[in-house]
Amino acid sequence: MTLYPDDGARYEELLSHADQAMYEAKKMGKNCYQFFTESIQSASLKKLSISNDLRKAQNNNEFVLYYQPIVNLHDGKITKAEALIRWIHPVKGAIGPTDFIPIAEESGLIHALGDWVFKQALHDLAAIRAAAGSDFQISINVSPYQFQDPDKLLNWINLIQTQAVKGANISFEITERLLLEPSSSVINTISQLRAAGMELSIDDFGTGYSALAYLKKFDIDYVKIDKSFIQNLAADSYDAALCESI
């Protein structure tokens, strides 16, 4: 909702502001409304700026991958790592994934971006395996939106074969919402990736539509329990019991 003349003097301006308020209301769910505010406009302009820059970022080599080690608590060894994408903007500096991944998903750029992450991780894996062993595994986050283009995901199988990498060297992380009501295409894509030897994990388990049935139905290899459950393990016996049961 917008109010004249506080939110604008021209009808084009009022309509634009009303549109911004409408999208904010949609985020809140059904039967909600939202008045236009300056903060909404500021966020909208920031989003537009990031979206425009995002389209040029890959060609300008502004993305980098960092690898977060995954430590085996039994022996303290590092035999796995999670690939984390970061955007180093030439003017704005480091932009966190929470600021640009949702925009990439909305704009459709997530397909090219996700493909770049996989190819770069595969390239880096050669050097990592040489130093850390041939069984080293890299975990890659896959957006639910990427499953809208299954051919691109399934091409990963061909890429692995050409790089002489085992499927087990790759683990792909998905979120729970992808499994809420999966289409036959999603199920087929997951099955083919699994058949190629890739492992599967659910990220941020416990924050969405958690159901232990997922673990059985989709043959999940790993569950990454959300940090809200583990950050107080030492002090909260309830969290400790819950995590142990999972």
# chains A, B, ... in the order shown; residues from 1 in each chain; ligands from 1
>>> select_by_dssp(residues="segment 14-238 of chain A", states="helix (DSSP H, G or I)", output="VMD selection string")
chain A and resid 14 to 28 38 to 57 97 to 107 110 to 132 144 to 148 150 to 162 167 to 169 176 to 179 184 to 195 213 to 217 227 to 230 237 to 238
>>> residues_around(residues="segment 93-110 of chain A", least_positions_apart="4", cutoff="10 Å", atoms="only C-alpha atoms", output="PyMOL selection string")
chain A and resi 46-48+50-51+54-55+62-63+84-89+114-116+142-146+148
>>> closest_atom_pairs(of="segment 54-118 of chain A", to="segment 166-189 of chain A", cutoff="12 Å", atoms="only C-alpha atoms", output="JSON lines")
{"residue": "A:Thr79", "atom": "CA", "partner": "A:Asn169", "partner_atom": "CA", "distance": 10.1}
{"residue": "A:Lys80", "atom": "CA", "partner": "A:Asn169", "partner_atom": "CA", "distance": 8.8}
{"residue": "A:Ala81", "atom": "CA", "partner": "A:Ser171", "partner_atom": "CA", "distance": 9.7}
{"residue": "A:Glu82", "atom": "CA", "partner": "A:Ser171", "partner_atom": "CA", "distance": 8.9}
{"residue": "A:Ala83", "atom": "CA", "partner": "A:Phe172", "partner_atom": "CA", "distance": 10.1}
{"residue": "A:Leu84", "atom": "CA", "partner": "A:Glu173", "partner_atom": "CA", "distance": 11.7}
{"residue": "A:Gly114", "atom": "CA", "partner": "A:Phe172", "partner_atom": "CA", "distance": 11.4}
{"residue": "A:Val117", "atom": "CA", "partner": "A:Phe172", "partner_atom": "CA", "distance": 11.6}
{"residue": "A:Phe118", "atom": "CA", "partner": "A:Ile170", "partner_atom": "CA", "distance": 9.5}
>>> residues_around(residues="Ala196 of chain A", least_positions_apart="2", cutoff="12 Å", atoms="only C-alpha atoms", output="list of chain:residue names")
A:Leu154, A:Asn155, A:Trp156, A:Ile157, A:Asn158, A:Leu159, A:Ile160, A:Gln161, A:Val165, A:Lys166, A:Gly167, A:Ala168, A:Asn169, A:Ile170, A:Ser171, A:Thr189, A:Ile190, A:Ser191, A:Gln192, A:Leu193, A:Arg194, A:Met198, A:Glu199, A:Leu200
>>> write_last_selection(atoms="C-alpha atoms", output="PDB file, in the first residue's frame")
ATOM      1  CA  LEU A 154      23.129 -34.782 -14.933  1.00  0.00           C
ATOM      2  CA  ASN A 155      25.965 -33.452 -17.095  1.00  0.00           C
ATOM      3  CA  TRP A 156      27.999 -33.495 -13.884  1.00  0.00           C
ATOM      4  CA  ILE A 157      28.213 -37.264 -14.285  1.00  0.00           C
ATOM      5  CA  ASN A 158      29.971 -36.833 -17.651  1.00  0.00           C
ATOM      6  CA  LEU A 159      32.305 -34.214 -16.188  1.00  0.00           C
ATOM      7  CA  ILE A 160      33.328 -36.563 -13.385  1.00  0.00           C
ATOM      8  CA  GLN A 161      34.119 -39.318 -15.841  1.00  0.00           C
ATOM      9  CA  VAL A 165      37.204 -38.665 -10.508  1.00  0.00           C
ATOM     10  CA  LYS A 166      35.102 -41.161  -8.580  1.00  0.00           C
ATOM     11  CA  GLY A 167      31.488 -40.288  -7.852  1.00  0.00           C
ATOM     12  CA  ALA A 168      32.223 -40.826  -4.164  1.00  0.00           C
ATOM     13  CA  ASN A 169      34.611 -37.859  -4.292  1.00  0.00           C
ATOM     14  CA  ILE A 170      31.538 -35.632  -4.564  1.00  0.00           C
ATOM     15  CA  SER A 171      28.734 -35.092  -2.063  1.00  0.00           C
ATOM     16  CA  THR A 189      17.739 -36.640 -10.976  1.00  0.00           C
ATOM     17  CA  ILE A 190      18.680 -37.501  -7.394  1.00  0.00           C
ATOM     18  CA  SER A 191      18.566 -41.215  -8.227  1.00  0.00           C
ATOM     19  CA  GLN A 192      20.897 -40.811 -11.216  1.00  0.00           C
ATOM     20  CA  LEU A 193      23.401 -38.728  -9.263  1.00  0.00           C
ATOM     21  CA  ARG A 194      23.338 -41.340  -6.493  1.00  0.00           C
ATOM     22  CA  MET A 198      27.775 -39.280  -5.484  1.00  0.00           C
ATOM     23  CA  GLU A 199      26.701 -39.032  -1.867  1.00  0.00           C
ATOM     24  CA  LEU A 200      23.744 -37.019  -0.586  1.00  0.00           C
TER      25      LEU A 200
END
>>> atom_distance(atom1="atom CA of Phe147 of chain A", atom2="atom CA of Ala112 of chain A")
12.5 Å
>>> select_by_dssp(residues="segment 51-116 of chain A", states="strand (DSSP E or B)", output="JSON, numbers by chain")
{"A": [63, 64, 65, 66, 67, 68, 69, 70, 71, 78, 79, 80, 81, 82, 83, 84, 85, 86, 87, 88, 89, 93, 94, 95]}
>>> atom_distance(atom1="atom CA of Ser201 of chain A", atom2="atom CA of Val223 of chain A")
5.5 Å
>>> residues_around(residues="Gln34 of chain A", least_positions_apart="6", cutoff="8 Å", atoms="only C-alpha atoms", output="list in words")
Met1, Ala21, Met22, Glu24 and Ala25 of chain A
>>> write_last_selection(atoms="N, CA and C atoms", output="PDB file, in the first residue's frame")
ATOM      1  N   MET A   1       0.836  -1.187   0.000  1.00  0.00           N
ATOM      2  CA  MET A   1       0.000   0.000   0.000  1.00  0.00           C
ATOM      3  C   MET A   1       0.880   1.249   0.000  1.00  0.00           C
ATOM      4  N   ALA A  21       5.903  -2.749  -1.981  1.00  0.00           N
ATOM      5  CA  ALA A  21       5.214  -3.127  -0.745  1.00  0.00           C
ATOM      6  C   ALA A  21       4.484  -4.457  -0.909  1.00  0.00           C
ATOM      7  N   MET A  22       3.944  -4.688  -2.111  1.00  0.00           N
ATOM      8  CA  MET A  22       3.223  -5.928  -2.377  1.00  0.00           C
ATOM      9  C   MET A  22       4.146  -7.140  -2.238  1.00  0.00           C
ATOM     10  N   GLU A  24       6.812  -7.374  -0.456  1.00  0.00           N
ATOM     11  CA  GLU A  24       7.119  -7.570   0.956  1.00  0.00           C
ATOM     12  C   GLU A  24       5.969  -8.279   1.668  1.00  0.00           C
ATOM     13  N   ALA A  25       4.738  -7.925   1.298  1.00  0.00           N
ATOM     14  CA  ALA A  25       3.565  -8.560   1.896  1.00  0.00           C
ATOM     15  C   ALA A  25       3.504 -10.041   1.532  1.00  0.00           C
TER      16      ALA A  25
END
>>> atom_distance(atom1="atom CA of Lys224 of chain A", atom2="atom CA of Ser139 of chain A")
11.6 Å
>>> decode(residues="segment 75-118 of chain A", atoms="C-alpha atoms", output="mmCIF file, in the first residue's frame")
data_model
loop_
_atom_site.group_PDB
_atom_site.id
_atom_site.type_symbol
_atom_site.label_atom_id
_atom_site.label_comp_id
_atom_site.auth_asym_id
_atom_site.auth_seq_id
_atom_site.Cartn_x
_atom_site.Cartn_y
_atom_site.Cartn_z
ATOM 1 C CA ASP A 75 40.431 -39.674 14.567
ATOM 2 C CA GLY A 76 40.721 -35.915 13.976
ATOM 3 C CA LYS A 77 41.543 -36.386 10.301
ATOM 4 C CA ILE A 78 40.331 -34.113 7.510
ATOM 5 C CA THR A 79 39.155 -36.208 4.587
ATOM 6 C CA LYS A 80 36.346 -33.952 3.390
ATOM 7 C CA ALA A 81 35.621 -30.272 2.817
ATOM 8 C CA GLU A 82 32.640 -28.136 1.895
ATOM 9 C CA ALA A 83 32.942 -25.803 -1.102
ATOM 10 C CA LEU A 84 31.734 -22.312 -0.182
ATOM 11 C CA ILE A 85 31.243 -19.683 -2.875
ATOM 12 C CA ARG A 86 32.171 -16.077 -2.164
ATOM 13 C CA TRP A 87 31.751 -12.992 -4.325
ATOM 14 C CA ILE A 88 34.604 -10.482 -4.255
ATOM 15 C CA HIS A 89 33.038 -7.364 -5.763
ATOM 16 C CA PRO A 90 35.584 -4.879 -7.199
ATOM 17 C CA VAL A 91 33.843 -1.931 -5.501
ATOM 18 C CA LYS A 92 31.633 -3.326 -2.730
ATOM 19 C CA GLY A 93 34.147 -5.858 -1.476
ATOM 20 C CA ALA A 94 33.091 -9.263 -0.168
ATOM 21 C CA ILE A 95 29.384 -10.001 -0.635
ATOM 22 C CA GLY A 96 27.994 -12.876 1.418
ATOM 23 C CA PRO A 97 26.015 -15.706 -0.213
ATOM 24 C CA THR A 98 22.884 -14.783 1.747
ATOM 25 C CA ASP A 99 22.878 -11.495 -0.163
ATOM 26 C CA PHE A 100 23.298 -12.847 -3.683
ATOM 27 C CA ILE A 101 22.186 -16.500 -3.807
ATOM 28 C CA PRO A 102 18.443 -15.683 -3.377
ATOM 29 C CA ILE A 103 18.754 -13.090 -6.151
ATOM 30 C CA ALA A 104 20.519 -15.613 -8.376
ATOM 31 C CA GLU A 105 17.680 -18.064 -7.729
ATOM 32 C CA GLU A 106 14.973 -15.527 -8.564
ATOM 33 C CA SER A 107 16.702 -14.373 -11.750
ATOM 34 C CA GLY A 108 17.628 -17.820 -13.036
ATOM 35 C CA LEU A 109 21.357 -17.091 -12.813
ATOM 36 C CA ILE A 110 21.676 -19.868 -10.240
ATOM 37 C CA HIS A 111 22.004 -22.475 -13.009
ATOM 38 C CA ALA A 112 25.151 -20.951 -14.510
ATOM 39 C CA LEU A 113 26.483 -20.102 -11.060
ATOM 40 C CA GLY A 114 25.910 -23.606 -9.715
ATOM 41 C CA ASP A 115 27.542 -25.096 -12.788
ATOM 42 C CA TRP A 116 30.592 -22.877 -12.246
ATOM 43 C CA VAL A 117 30.854 -24.009 -8.624
ATOM 44 C CA PHE A 118 30.822 -27.663 -9.633
#
